[in-house]
>>> print(open('data_12.txt').read())   # compact mmCIF, C-alpha atoms and all ligand atoms
# COMPACT_ATOMS: atom_id res chain seq x y z
CA MET O 176 84.61 -22.65 -9.53
CA LYS O 177 88.33 -23.09 -8.88
CA TYR O 178 90.38 -26.24 -8.50
CA LYS O 179 93.25 -26.65 -6.06
CA ASN O 180 95.34 -28.72 -8.34
CA ASN O 181 95.03 -30.85 -11.36
CA LYS O 182 94.85 -34.11 -9.47
CA SER O 183 91.59 -33.26 -7.73
CA LYS O 184 90.08 -32.08 -10.95
CA LYS O 185 87.45 -34.30 -12.49
CA TYR O 186 87.59 -34.25 -16.23
CA LYS O 187 84.50 -35.02 -18.14
CA ASN O 188 85.07 -37.48 -20.93
CA VAL O 189 83.37 -35.99 -23.94
CA SER O 190 84.23 -38.57 -26.57
CA VAL O 191 81.07 -40.16 -27.81
CA ILE O 192 81.98 -41.10 -31.33
CA LYS O 193 84.35 -43.80 -32.44
CA PRO O 194 86.51 -43.27 -35.49
CA LYS O 195 85.74 -45.55 -38.39
CA ALA O 196 89.23 -45.48 -39.87
CA CYS O 197 92.65 -43.93 -39.38
CA PRO O 198 92.71 -40.42 -40.89
CA PHE O 199 96.27 -41.01 -42.10
CA CYS O 200 96.23 -44.44 -43.70
CA LYS O 201 92.52 -45.41 -43.58
CA SER O 202 93.33 -48.59 -41.67
CA LYS O 203 90.56 -49.90 -39.46
CA THR O 204 92.70 -51.44 -36.74
CA LEU O 205 92.54 -48.77 -34.03
CA ILE O 206 93.15 -48.94 -30.30
CA LYS O 207 92.45 -46.52 -27.46
CA TRP O 208 95.58 -44.58 -26.55
CA GLY O 209 95.05 -42.39 -23.49
CA PHE O 210 93.38 -39.00 -23.46
CA ARG O 211 93.94 -35.46 -24.56
CA PHE O 212 93.04 -32.89 -21.90
CA ASN O 213 91.93 -29.31 -21.98
CA HIS O 214 90.73 -27.15 -19.08
CA THR O 215 87.39 -28.87 -18.54
CA THR O 216 87.24 -31.99 -20.61
CA LYS O 217 89.18 -34.97 -21.78
CA LYS O 218 88.98 -36.58 -25.13
CA GLN O 219 89.77 -40.10 -26.22
CA ARG O 220 93.01 -40.42 -28.14
CA TRP O 221 93.37 -43.23 -30.67
CA LYS O 222 96.33 -45.06 -32.10
CA CYS O 223 96.46 -46.70 -35.48
CA LYS O 224 98.08 -50.13 -35.37
CA SER O 225 99.10 -49.96 -39.01
CA CYS O 226 100.91 -46.62 -39.19
CA SER O 227 101.37 -45.93 -35.44
CA GLU O 228 99.96 -42.41 -35.71
CA THR O 229 97.88 -41.13 -32.81
CA PHE O 230 94.94 -38.78 -33.17
CA THR O 231 91.76 -37.47 -31.57
CA LEU O 232 88.56 -36.88 -33.48
CA ASP O 233 87.23 -33.45 -34.27
CA ASP O 234 83.73 -33.62 -32.84
CA GLY O 235 82.78 -30.25 -34.29
CA PHE O 236 83.87 -28.25 -31.23
CA PHE O 237 87.58 -28.09 -31.82
CA LYS O 238 89.29 -25.11 -30.11
CA MET O 239 86.09 -23.83 -28.64
CA LYS O 240 86.28 -21.78 -25.46
CA HIS O 241 82.71 -22.39 -24.37
CA LYS O 242 81.26 -25.72 -23.38
CA LYS O 243 79.52 -27.46 -26.21
CA GLU O 244 76.33 -27.65 -24.15
CA VAL O 245 76.30 -23.86 -23.89
CA VAL O 246 77.00 -23.47 -27.58
CA THR O 247 74.26 -25.83 -28.66
CA GLN O 248 71.82 -24.37 -26.16
CA CYS O 249 72.35 -20.91 -27.59
CA ILE O 250 71.78 -22.15 -31.12
CA SER O 251 68.70 -24.03 -30.03
CA LEU O 252 67.23 -21.04 -28.20
CA TYR O 253 67.86 -18.77 -31.14
CA MET O 254 66.29 -21.12 -33.65
CA ASN O 255 63.30 -21.50 -31.35
CA GLY O 256 62.70 -17.79 -31.58
CA LEU O 257 64.56 -16.20 -28.65
CA SER O 258 66.36 -12.96 -29.52
CA LEU O 259 70.13 -12.59 -29.23
CA ARG O 260 69.64 -10.06 -26.44
CA LYS O 261 67.49 -12.46 -24.40
CA ILE O 262 69.94 -15.31 -24.89
CA LYS O 263 72.73 -13.11 -23.62
CA GLU O 264 70.71 -12.09 -20.57
CA HIS O 265 69.81 -15.70 -19.83
CA PHE O 266 73.39 -16.95 -19.88
CA ASN O 267 74.82 -14.05 -17.96
CA GLN O 268 72.31 -14.78 -15.25
CA PHE O 269 72.49 -18.57 -15.06
CA SER O 270 75.92 -19.63 -16.18
CA ASP O 271 79.56 -19.10 -15.25
CA TYR O 272 80.35 -18.16 -18.79
CA GLY O 273 79.15 -14.93 -20.26
CA VAL O 274 77.85 -15.14 -23.78
CA SER O 275 77.93 -12.21 -26.17
CA HIS O 276 75.85 -11.42 -29.26
CA GLN O 277 78.90 -11.84 -31.35
CA SER O 278 79.81 -15.26 -30.01
CA VAL O 279 76.32 -16.57 -30.73
CA LEU O 280 76.53 -15.16 -34.26
CA ASN O 281 79.98 -16.70 -34.70
CA TRP O 282 78.69 -20.11 -33.67
CA ILE O 283 75.74 -19.82 -36.01
CA ARG O 284 78.14 -18.99 -38.84
CA ARG O 285 80.48 -21.84 -38.01
CA TYR O 286 77.75 -24.45 -37.92
CA ALA O 287 75.92 -23.01 -40.89
CA ILE O 288 79.07 -23.76 -42.89
CA LEU O 289 79.53 -27.22 -41.37
CA LEU O 290 75.93 -28.24 -41.92
CA LYS O 291 75.27 -26.52 -45.23
CA ASP O 292 75.61 -29.55 -47.45
CA PHE O 293 74.93 -32.19 -44.82
CA GLN O 294 71.51 -32.92 -46.29
CA ARG O 295 73.06 -33.96 -49.58
CA LYS O 296 74.69 -36.99 -47.94
CA PHE O 297 71.35 -38.72 -47.72
CA ASP O 298 69.22 -40.42 -50.24
CA LEU O 299 65.91 -38.77 -49.45
CA LYS O 300 62.64 -40.34 -50.45
CA LEU O 301 60.71 -37.31 -51.62
CA SER O 302 57.26 -36.93 -53.12
CA GLY O 303 58.56 -34.78 -55.99
CA GLN O 304 55.75 -32.27 -55.49
CA TYR O 305 57.72 -29.08 -54.98
CA HIS O 306 56.34 -25.73 -53.91
CA ALA O 307 58.56 -22.69 -54.33
CA ASP O 308 58.03 -19.36 -52.65
CA GLU O 309 59.85 -16.20 -51.66
CA ILE O 310 59.66 -14.31 -48.37
CA PHE O 311 60.59 -10.69 -47.61
CA VAL O 312 63.51 -10.36 -45.23
CA LYS O 313 64.67 -7.10 -43.69
CA CYS O 314 68.40 -6.55 -43.69
CA LYS O 315 69.93 -3.20 -42.75
CA LYS O 316 66.60 -1.53 -43.54
CA GLU O 317 66.64 -2.99 -47.02
CA GLN O 318 64.23 -5.47 -48.47
CA HIS O 319 65.86 -8.80 -49.27
CA TYR O 320 64.46 -12.21 -50.12
CA PHE O 321 64.55 -15.71 -48.74
CA TRP O 322 63.58 -18.25 -51.39
CA ASP O 323 62.55 -21.71 -50.41
CA MET O 324 61.24 -24.85 -52.01
CA ILE O 325 59.31 -27.48 -50.04
CA ASP O 326 58.61 -31.08 -50.94
CA LYS O 327 54.93 -31.36 -50.18
CA GLY O 328 54.81 -35.05 -49.16
CA THR O 329 57.67 -34.98 -46.67
CA ARG O 330 57.79 -31.23 -45.87
CA VAL O 331 61.52 -31.27 -46.49
CA LEU O 332 62.95 -27.92 -47.49
CA VAL O 333 64.74 -29.18 -50.58
CA SER O 334 66.32 -25.88 -51.49
CA SER O 335 66.72 -22.34 -50.25
CA HIS O 336 68.47 -19.20 -51.36
CA TYR O 337 69.08 -15.72 -50.02
CA SER O 338 69.15 -12.77 -52.40
CA GLU O 339 68.98 -9.01 -52.55
CA LYS O 340 66.66 -8.97 -55.52
CA ARG O 341 63.54 -10.80 -56.51
CA ASP O 342 64.81 -11.69 -59.94
CA TYR O 343 65.23 -14.49 -62.44
CA GLN O 344 68.82 -15.26 -61.35
CA SER O 345 67.72 -15.98 -57.79
CA ALA O 346 64.87 -18.24 -58.86
CA LYS O 347 67.31 -20.07 -61.11
CA ILE O 348 69.78 -20.63 -58.28
CA LEU O 349 66.95 -21.91 -56.09
CA PHE O 350 66.12 -24.54 -58.71
CA LEU O 351 69.73 -25.44 -59.41
CA LYS O 352 70.39 -26.18 -55.75
CA THR O 353 68.11 -29.23 -55.88
CA GLU O 354 69.37 -32.45 -57.32
CA ASN O 355 66.27 -33.77 -59.03
CA LYS O 356 63.74 -32.41 -61.41
CA PRO O 357 60.36 -32.25 -59.67
CA ILE O 358 57.36 -34.24 -60.82
CA ASN O 359 55.33 -31.09 -60.29
CA LEU O 360 56.47 -27.62 -59.42
CA PHE O 361 54.00 -25.17 -57.92
CA THR O 362 54.75 -21.45 -57.78
CA ASP O 363 52.93 -18.15 -57.72
CA SER O 364 52.71 -16.06 -60.85
CA LEU O 365 56.05 -14.28 -60.44
CA PRO O 366 57.53 -14.14 -63.98
CA SER O 367 61.00 -15.10 -62.70
CA TYR O 368 59.76 -18.62 -61.96
CA ASN O 369 58.62 -19.09 -65.52
CA LYS O 370 61.95 -18.06 -66.98
CA ALA O 371 63.96 -20.02 -64.43
CA PHE O 372 61.88 -23.14 -64.93
CA ARG O 373 62.37 -23.02 -68.68
CA LYS O 374 66.09 -22.54 -68.23
CA VAL O 375 66.67 -25.27 -65.65
CA TRP O 376 64.05 -27.93 -66.31
CA GLY O 377 62.36 -26.87 -69.53
CA SER O 378 62.12 -29.11 -72.57
CA ARG O 379 61.27 -28.49 -76.20
CA ASN O 380 57.77 -29.65 -75.55
CA ARG O 381 55.97 -26.75 -73.95
CA LYS O 382 52.82 -28.79 -73.42
CA GLU O 383 54.74 -31.30 -71.31
CA ASP O 384 56.36 -28.45 -69.40
CA LYS O 385 52.97 -27.05 -68.52
CA LYS O 386 52.02 -30.35 -66.93
CA ILE O 387 55.04 -30.09 -64.65
CA TRP O 388 55.12 -26.42 -63.79
CA ILE O 389 51.83 -25.25 -62.29
CA LYS O 390 51.10 -21.65 -61.53
CA LEU O 391 48.89 -21.17 -58.50
CA LYS O 392 46.46 -18.38 -57.86
CA ALA O 393 47.38 -17.78 -54.24
CA ASP O 394 44.08 -17.65 -52.39
CA LYS O 395 41.89 -19.78 -54.56
CA ASP O 396 43.92 -22.91 -55.05
CA LYS O 397 43.53 -25.54 -52.34
CA ARG O 398 46.50 -27.53 -53.57
CA ASN O 399 48.63 -24.98 -51.83
CA ASN O 400 47.07 -25.32 -48.35
CA ILE O 401 49.66 -27.45 -46.52
CA VAL O 402 52.50 -25.50 -48.00
CA GLU O 403 50.88 -22.18 -47.20
CA ARG O 404 50.77 -23.26 -43.58
CA ILE O 405 54.42 -24.24 -43.61
CA GLN O 406 55.36 -20.99 -45.30
CA GLY O 407 53.40 -19.23 -42.56
CA THR O 408 55.48 -20.95 -39.89
CA ILE O 409 58.71 -20.05 -41.64
CA ARG O 410 57.56 -16.45 -42.03
CA GLN O 411 56.76 -16.23 -38.33
CA ARG O 412 60.16 -17.52 -37.29
CA ILE O 413 61.99 -15.24 -39.66
CA LYS O 414 60.01 -12.26 -38.41
CA VAL O 415 61.40 -12.85 -34.92
CA MET O 416 64.89 -12.83 -36.34
CA ARG O 417 64.16 -9.61 -38.22
CA ASN O 418 66.54 -6.76 -38.80
CA PHE O 419 69.56 -8.70 -39.82
CA LYS O 420 72.78 -6.78 -39.30
CA ASP O 421 74.40 -7.68 -42.58
CA LYS O 422 73.98 -9.98 -45.53
CA LYS O 423 76.55 -12.48 -44.28
CA SER O 424 74.85 -13.09 -40.94
CA ALA O 425 71.44 -13.18 -42.58
CA GLU O 426 72.63 -15.87 -44.97
CA ALA O 427 74.22 -17.93 -42.20
CA ILE O 428 71.22 -17.66 -39.91
CA LEU O 429 68.76 -18.63 -42.61
CA SER O 430 70.96 -21.46 -43.77
CA LEU O 431 71.08 -22.87 -40.23
CA PHE O 432 67.35 -22.30 -39.96
CA VAL O 433 66.88 -24.71 -42.87
CA VAL O 434 68.86 -27.33 -40.92
CA TYR O 435 66.70 -26.67 -37.87
CA TYR O 436 63.59 -26.97 -39.96
CA ASN O 437 64.58 -30.24 -41.66
CA PHE O 438 66.49 -32.08 -38.92
CA ILE O 439 65.44 -30.74 -35.53
CA ARG O 440 61.91 -29.43 -35.52
CA VAL O 441 59.19 -32.04 -35.09
CA HIS O 442 56.21 -31.20 -37.27
CA GLN O 443 52.84 -31.55 -35.62
CA GLY O 444 51.08 -32.88 -38.68
CA ILE O 445 53.45 -35.85 -39.07
CA ASN O 446 54.94 -36.04 -35.56
CA LYS O 447 58.38 -36.41 -37.10
CA THR O 448 61.05 -34.24 -38.57
CA PRO O 449 60.85 -33.82 -42.36
CA ILE O 450 64.11 -35.73 -42.75
CA GLU O 451 62.65 -38.70 -40.84
CA GLU O 452 59.56 -38.51 -43.03
CA ALA O 453 61.91 -38.76 -46.01
CA GLY O 454 63.25 -42.07 -44.68
CA VAL O 455 66.40 -41.01 -42.83
CA ASN O 456 66.82 -41.82 -39.15
CA LEU O 457 69.88 -40.31 -37.51
CA ASN O 458 68.85 -41.41 -34.01
CA LEU O 459 69.61 -38.02 -32.56
CA GLY O 460 69.58 -37.99 -28.75
CA LYS O 461 68.25 -35.46 -26.29
CA ASN O 462 70.55 -32.68 -27.43
CA LYS O 463 69.77 -32.85 -31.13
CA TRP O 464 72.08 -30.02 -32.15
CA LEU O 465 75.02 -31.63 -30.39
CA ASP O 466 74.49 -34.99 -32.06
CA LEU O 467 73.86 -33.40 -35.43
CA ILE O 468 77.16 -31.51 -35.21
CA TYR O 469 78.96 -34.74 -34.21
CA CYS O 470 77.46 -36.54 -37.18
CA ALA O 471 78.37 -33.81 -39.64
CA SER O 472 81.93 -33.60 -38.29
CA GLN O 473 82.69 -37.21 -39.09
CA LYS O 474 84.49 -37.32 -42.37
CA ASN O 475 84.81 -41.07 -42.81
ZN ZN O 501 97.03 -45.32 -39.83
>>> encode(input="data_12.txt", output="structure tokens", more="lines below")
Ligand SMILES: [Zn+2]
Amino acid sequence: MKYKNNKSKKYKNVSVIKPKACPFCKSKTLIKWGFRFNHTTKKQRWKCKSCSETFTLDDGFFKMKHKKEVVTQCISLYMNGLSLRKIKEHFNQFSDYGVSHQSVLNWIRRYAILLKDFQRKFDLKLSGQYHADEIFVKCKKEQHYFWDMIDKGTRVLVSSHYSEKRDYQSAKILFLKTENKPINLFTDSLPSYNKAFRKVWGSRNRKEDKKIWIKLKADKDKRNNIVERIQGTIRQRIKVMRNFKDKKSAEAILSLFVVYYNFIRVHQGINKTPIEEAGVNLNLGKNKWLDLIYCASQKN
């Protein structure tokens, strides 16, 4: 589509969030001050009445060539299990903008970084019953590992880690990435868990420790049922994403997958997202990825 001149062009106003305070002086007296335009959209500009600076908000799509709807759609399709090749085909067929493998991977990387620690902002109400597990991941024909830890009551993925080896160090990092000591920790009999547990959460009283850390015999123990099912779902999704090109993309993709799992995906058993089950309601709209990125981009 081409426009004759700028006057006939209809700009879409894409500003949906209001700034809470001036980024320069933190004053809260702000007024609307015209718009900033790019080739397809316009964005609300704000003026601070205290320091007279003007600014627009970074909504998470700053300097992006593609429309944010396209970007978030690609991420959504990928997380729902569509391959990069199929996403590319879809957009080349139905949209004005071509989308390449690499641009989808770049977006995934960008938002993996933005959303990596987003979960930590919230005070989650967890059950404290943690189940840790590790999954094989193929990367450049090598066998790598995706470690994850699920809070049984809410199904929140409280921690995850990507590693090349199935060793003590990796299990330790997995534990260290959570903020609280679990009430109970369930794992399989992998020796790394034992060592890592002692290092991170162990006490002098081994008897007490044994009440907290519980080793499960995979097939026989029913306490593991719900979590086994969740692990199954995660395994299935990761299988579709198989054959990661390099460690960096694998890490980014899996890190964004955790965000998808906790914030976006509605679990059938609870009819909510795990984060909602943990007492946080972000009121995400129809395009959940878009709203999530807006939320995470707000610094105030
Ligand atoms: Zn100001």
>>> closest_atom_pairs(input="data_12.txt", of="chain O", to="ligand ZN 501 (chain O)", cutoff="8 Å", atoms="all atoms listed in the file", output="tab-separated table")
residue	atom	partner	partner_atom	distance
O:Ala196	CA	O:ZN501	ZN	7.8
O:Cys197	CA	O:ZN501	ZN	4.6
O:Pro198	CA	O:ZN501	ZN	6.6
O:Phe199	CA	O:ZN501	ZN	4.9
O:Cys200	CA	O:ZN501	ZN	4.0
O:Lys201	CA	O:ZN501	ZN	5.9
O:Ser202	CA	O:ZN501	ZN	5.3
O:Lys203	CA	O:ZN501	ZN	7.9
O:Lys222	CA	O:ZN501	ZN	7.8
O:Cys223	CA	O:ZN501	ZN	4.6
O:Lys224	CA	O:ZN501	ZN	6.6
O:Ser225	CA	O:ZN501	ZN	5.1
O:Cys226	CA	O:ZN501	ZN	4.1
O:Ser227	CA	O:ZN501	ZN	6.2
O:Glu228	CA	O:ZN501	ZN	5.8
>>> write_last_selection(input="data_12.txt", atoms="C-alpha atoms", output="CSV table (one decimal), keeping the file's coordinate frame")
chain,number,residue,atom,x,y,z
O,196,ALA,CA,89.2,-45.5,-39.9
O,197,CYS,CA,92.6,-43.9,-39.4
O,198,PRO,CA,92.7,-40.4,-40.9
O,199,PHE,CA,96.3,-41.0,-42.1
O,200,CYS,CA,96.2,-44.4,-43.7
O,201,LYS,CA,92.5,-45.4,-43.6
O,202,SER,CA,93.3,-48.6,-41.7
O,203,LYS,CA,90.6,-49.9,-39.5
O,222,LYS,CA,96.3,-45.1,-32.1
O,223,CYS,CA,96.5,-46.7,-35.5
O,224,LYS,CA,98.1,-50.1,-35.4
O,225,SER,CA,99.1,-50.0,-39.0
O,226,CYS,CA,100.9,-46.6,-39.2
O,227,SER,CA,101.4,-45.9,-35.4
O,228,GLU,CA,100.0,-42.4,-35.7
>>> residues_near_point(input="data_12.txt", point="(68.6, -16.7, -40.3)", cutoff="10 Å", atoms="only C-alpha atoms", output="mmCIF file with C-alpha atoms, keeping the file's coordinate frame")
data_model
loop_
_atom_site.group_PDB
_atom_site.id
_atom_site.type_symbol
_atom_site.label_atom_id
_atom_site.label_comp_id
_atom_site.auth_asym_id
_atom_site.auth_seq_id
_atom_site.Cartn_x
_atom_site.Cartn_y
_atom_site.Cartn_z
ATOM 1 C CA TYR O 253 67.860 -18.770 -31.140
ATOM 2 C CA MET O 254 66.290 -21.120 -33.650
ATOM 3 C CA ILE O 283 75.740 -19.820 -36.010
ATOM 4 C CA ARG O 284 78.140 -18.990 -38.840
ATOM 5 C CA ALA O 287 75.920 -23.010 -40.890
ATOM 6 C CA VAL O 312 63.510 -10.360 -45.230
ATOM 7 C CA PHE O 321 64.550 -15.710 -48.740
ATOM 8 C CA TYR O 337 69.080 -15.720 -50.020
ATOM 9 C CA ARG O 412 60.160 -17.520 -37.290
ATOM 10 C CA ILE O 413 61.990 -15.240 -39.660
ATOM 11 C CA LYS O 414 60.010 -12.260 -38.410
ATOM 12 C CA VAL O 415 61.400 -12.850 -34.920
ATOM 13 C CA MET O 416 64.890 -12.830 -36.340
ATOM 14 C CA ARG O 417 64.160 -9.610 -38.220
ATOM 15 C CA PHE O 419 69.560 -8.700 -39.820
ATOM 16 C CA LYS O 423 76.550 -12.480 -44.280
ATOM 17 C CA SER O 424 74.850 -13.090 -40.940
ATOM 18 C CA ALA O 425 71.440 -13.180 -42.580
ATOM 19 C CA GLU O 426 72.630 -15.870 -44.970
ATOM 20 C CA ALA O 427 74.220 -17.930 -42.200
ATOM 21 C CA ILE O 428 71.220 -17.660 -39.910
ATOM 22 C CA LEU O 429 68.760 -18.630 -42.610
ATOM 23 C CA SER O 430 70.960 -21.460 -43.770
ATOM 24 C CA LEU O 431 71.080 -22.870 -40.230
ATOM 25 C CA PHE O 432 67.350 -22.300 -39.960
ATOM 26 C CA VAL O 433 66.880 -24.710 -42.870
#
>>> residues_around(input="data_12.txt", residues="Ala453 (chain O)", least_positions_apart="2", cutoff="6 Å", atoms="all atoms listed in the file", output="PyMOL selection string")
chain O and resi 299-301+329+450-451+455
>>> atom_distance(input="data_12.txt", atom1="CA of Phe210 (chain O)", atom2="CA of Leu457 (chain O)")
27.4 Å
>>> closest_residue(input="data_12.txt", among="O:Ile325, O:Ser258, O:Thr231, O:Lys193", to="Trp208 (chain O)", atoms="all atoms listed in the file")
O:Thr231
>>> atom_distance(input="data_12.txt", atom1="CA of Tyr436 (chain O)", atom2="CA of Phe350 (chain O)")
19.1 Å
>>> atom_distance(input="data_12.txt", atom1="CA of Phe297 (chain O)", atom2="CA of Tyr469 (chain O)")
16.0 Å
>>> closest_residue(input="data_12.txt", among="O:Asp421, O:Ser335, O:Ala346, O:Thr229", to="Ile206 (chain O)", atoms="all atoms listed in the file")
O:Thr229
>>> residues_near_point(input="data_12.txt", point="(70.5, -23.7, -56.1)", cutoff="12 Å", atoms="only C-alpha atoms", output="compact mmCIF listing (two decimals) with C-alpha atoms, in the coordinates of the input")
# COMPACT_ATOMS: atom_id res chain seq x y z
CA ASP O 292 75.61 -29.55 -47.45
CA TRP O 322 63.58 -18.25 -51.39
CA ASP O 323 62.55 -21.71 -50.41
CA MET O 324 61.24 -24.85 -52.01
CA VAL O 333 64.74 -29.18 -50.58
CA SER O 334 66.32 -25.88 -51.49
CA SER O 335 66.72 -22.34 -50.25
CA HIS O 336 68.47 -19.20 -51.36
CA TYR O 337 69.08 -15.72 -50.02
CA SER O 338 69.15 -12.77 -52.40
CA GLN O 344 68.82 -15.26 -61.35
CA SER O 345 67.72 -15.98 -57.79
CA ALA O 346 64.87 -18.24 -58.86
CA LYS O 347 67.31 -20.07 -61.11
CA ILE O 348 69.78 -20.63 -58.28
CA LEU O 349 66.95 -21.91 -56.09
CA PHE O 350 66.12 -24.54 -58.71
CA LEU O 351 69.73 -25.44 -59.41
CA LYS O 352 70.39 -26.18 -55.75
CA THR O 353 68.11 -29.23 -55.88
CA GLU O 354 69.37 -32.45 -57.32
CA ASN O 355 66.27 -33.77 -59.03
CA ALA O 371 63.96 -20.02 -64.43
CA VAL O 375 66.67 -25.27 -65.65
>>> build_atoms(input="data_12.txt", residues="region 221-233 of chain O", atoms="N, CA and C atoms", output="PDB file, in the frame of the given file")
ATOM      1  N   TRP O 221      93.323 -41.933 -29.996  1.00  0.00           N
ATOM      2  CA  TRP O 221      93.370 -43.230 -30.670  1.00  0.00           C
ATOM      3  C   TRP O 221      94.724 -43.461 -31.307  1.00  0.00           C
ATOM      4  N   LYS O 222      95.083 -44.729 -31.403  1.00  0.00           N
ATOM      5  CA  LYS O 222      96.330 -45.060 -32.100  1.00  0.00           C
ATOM      6  C   LYS O 222      96.036 -46.061 -33.210  1.00  0.00           C
ATOM      7  N   CYS O 223      96.648 -45.801 -34.343  1.00  0.00           N
ATOM      8  CA  CYS O 223      96.460 -46.700 -35.480  1.00  0.00           C
ATOM      9  C   CYS O 223      97.542 -47.779 -35.416  1.00  0.00           C
ATOM     10  N   LYS O 224      97.116 -49.045 -35.473  1.00  0.00           N
ATOM     11  CA  LYS O 224      98.080 -50.130 -35.370  1.00  0.00           C
ATOM     12  C   LYS O 224      98.881 -50.335 -36.656  1.00  0.00           C
ATOM     13  N   SER O 225      98.385 -49.811 -37.739  1.00  0.00           N
ATOM     14  CA  SER O 225      99.100 -49.960 -39.010  1.00  0.00           C
ATOM     15  C   SER O 225     100.218 -48.941 -39.175  1.00  0.00           C
ATOM     16  N   CYS O 226      99.894 -47.651 -38.922  1.00  0.00           N
ATOM     17  CA  CYS O 226     100.910 -46.620 -39.190  1.00  0.00           C
ATOM     18  C   CYS O 226     101.434 -45.979 -37.913  1.00  0.00           C
ATOM     19  N   SER O 227     100.926 -46.422 -36.748  1.00  0.00           N
ATOM     20  CA  SER O 227     101.370 -45.930 -35.440  1.00  0.00           C
ATOM     21  C   SER O 227     101.084 -44.468 -35.151  1.00  0.00           C
ATOM     22  N   GLU O 228     100.327 -43.812 -35.992  1.00  0.00           N
ATOM     23  CA  GLU O 228      99.960 -42.410 -35.710  1.00  0.00           C
ATOM     24  C   GLU O 228      98.901 -42.386 -34.603  1.00  0.00           C
ATOM     25  N   THR O 229      98.951 -41.307 -33.791  1.00  0.00           N
ATOM     26  CA  THR O 229      97.880 -41.130 -32.810  1.00  0.00           C
ATOM     27  C   THR O 229      97.056 -39.907 -33.193  1.00  0.00           C
ATOM     28  N   PHE O 230      95.811 -39.920 -32.814  1.00  0.00           N
ATOM     29  CA  PHE O 230      94.940 -38.780 -33.170  1.00  0.00           C
ATOM     30  C   PHE O 230      93.715 -38.745 -32.271  1.00  0.00           C
ATOM     31  N   THR O 231      93.081 -37.577 -32.186  1.00  0.00           N
ATOM     32  CA  THR O 231      91.760 -37.470 -31.570  1.00  0.00           C
ATOM     33  C   THR O 231      90.800 -37.019 -32.669  1.00  0.00           C
ATOM     34  N   LEU O 232      89.535 -37.254 -32.450  1.00  0.00           N
ATOM     35  CA  LEU O 232      88.560 -36.880 -33.480  1.00  0.00           C
ATOM     36  C   LEU O 232      88.073 -35.450 -33.277  1.00  0.00           C
ATOM     37  N   ASP O 233      87.888 -34.749 -34.366  1.00  0.00           N
ATOM     38  CA  ASP O 233      87.230 -33.450 -34.270  1.00  0.00           C
ATOM     39  C   ASP O 233      85.735 -33.716 -34.185  1.00  0.00           C
TER      40      ASP O 233
END
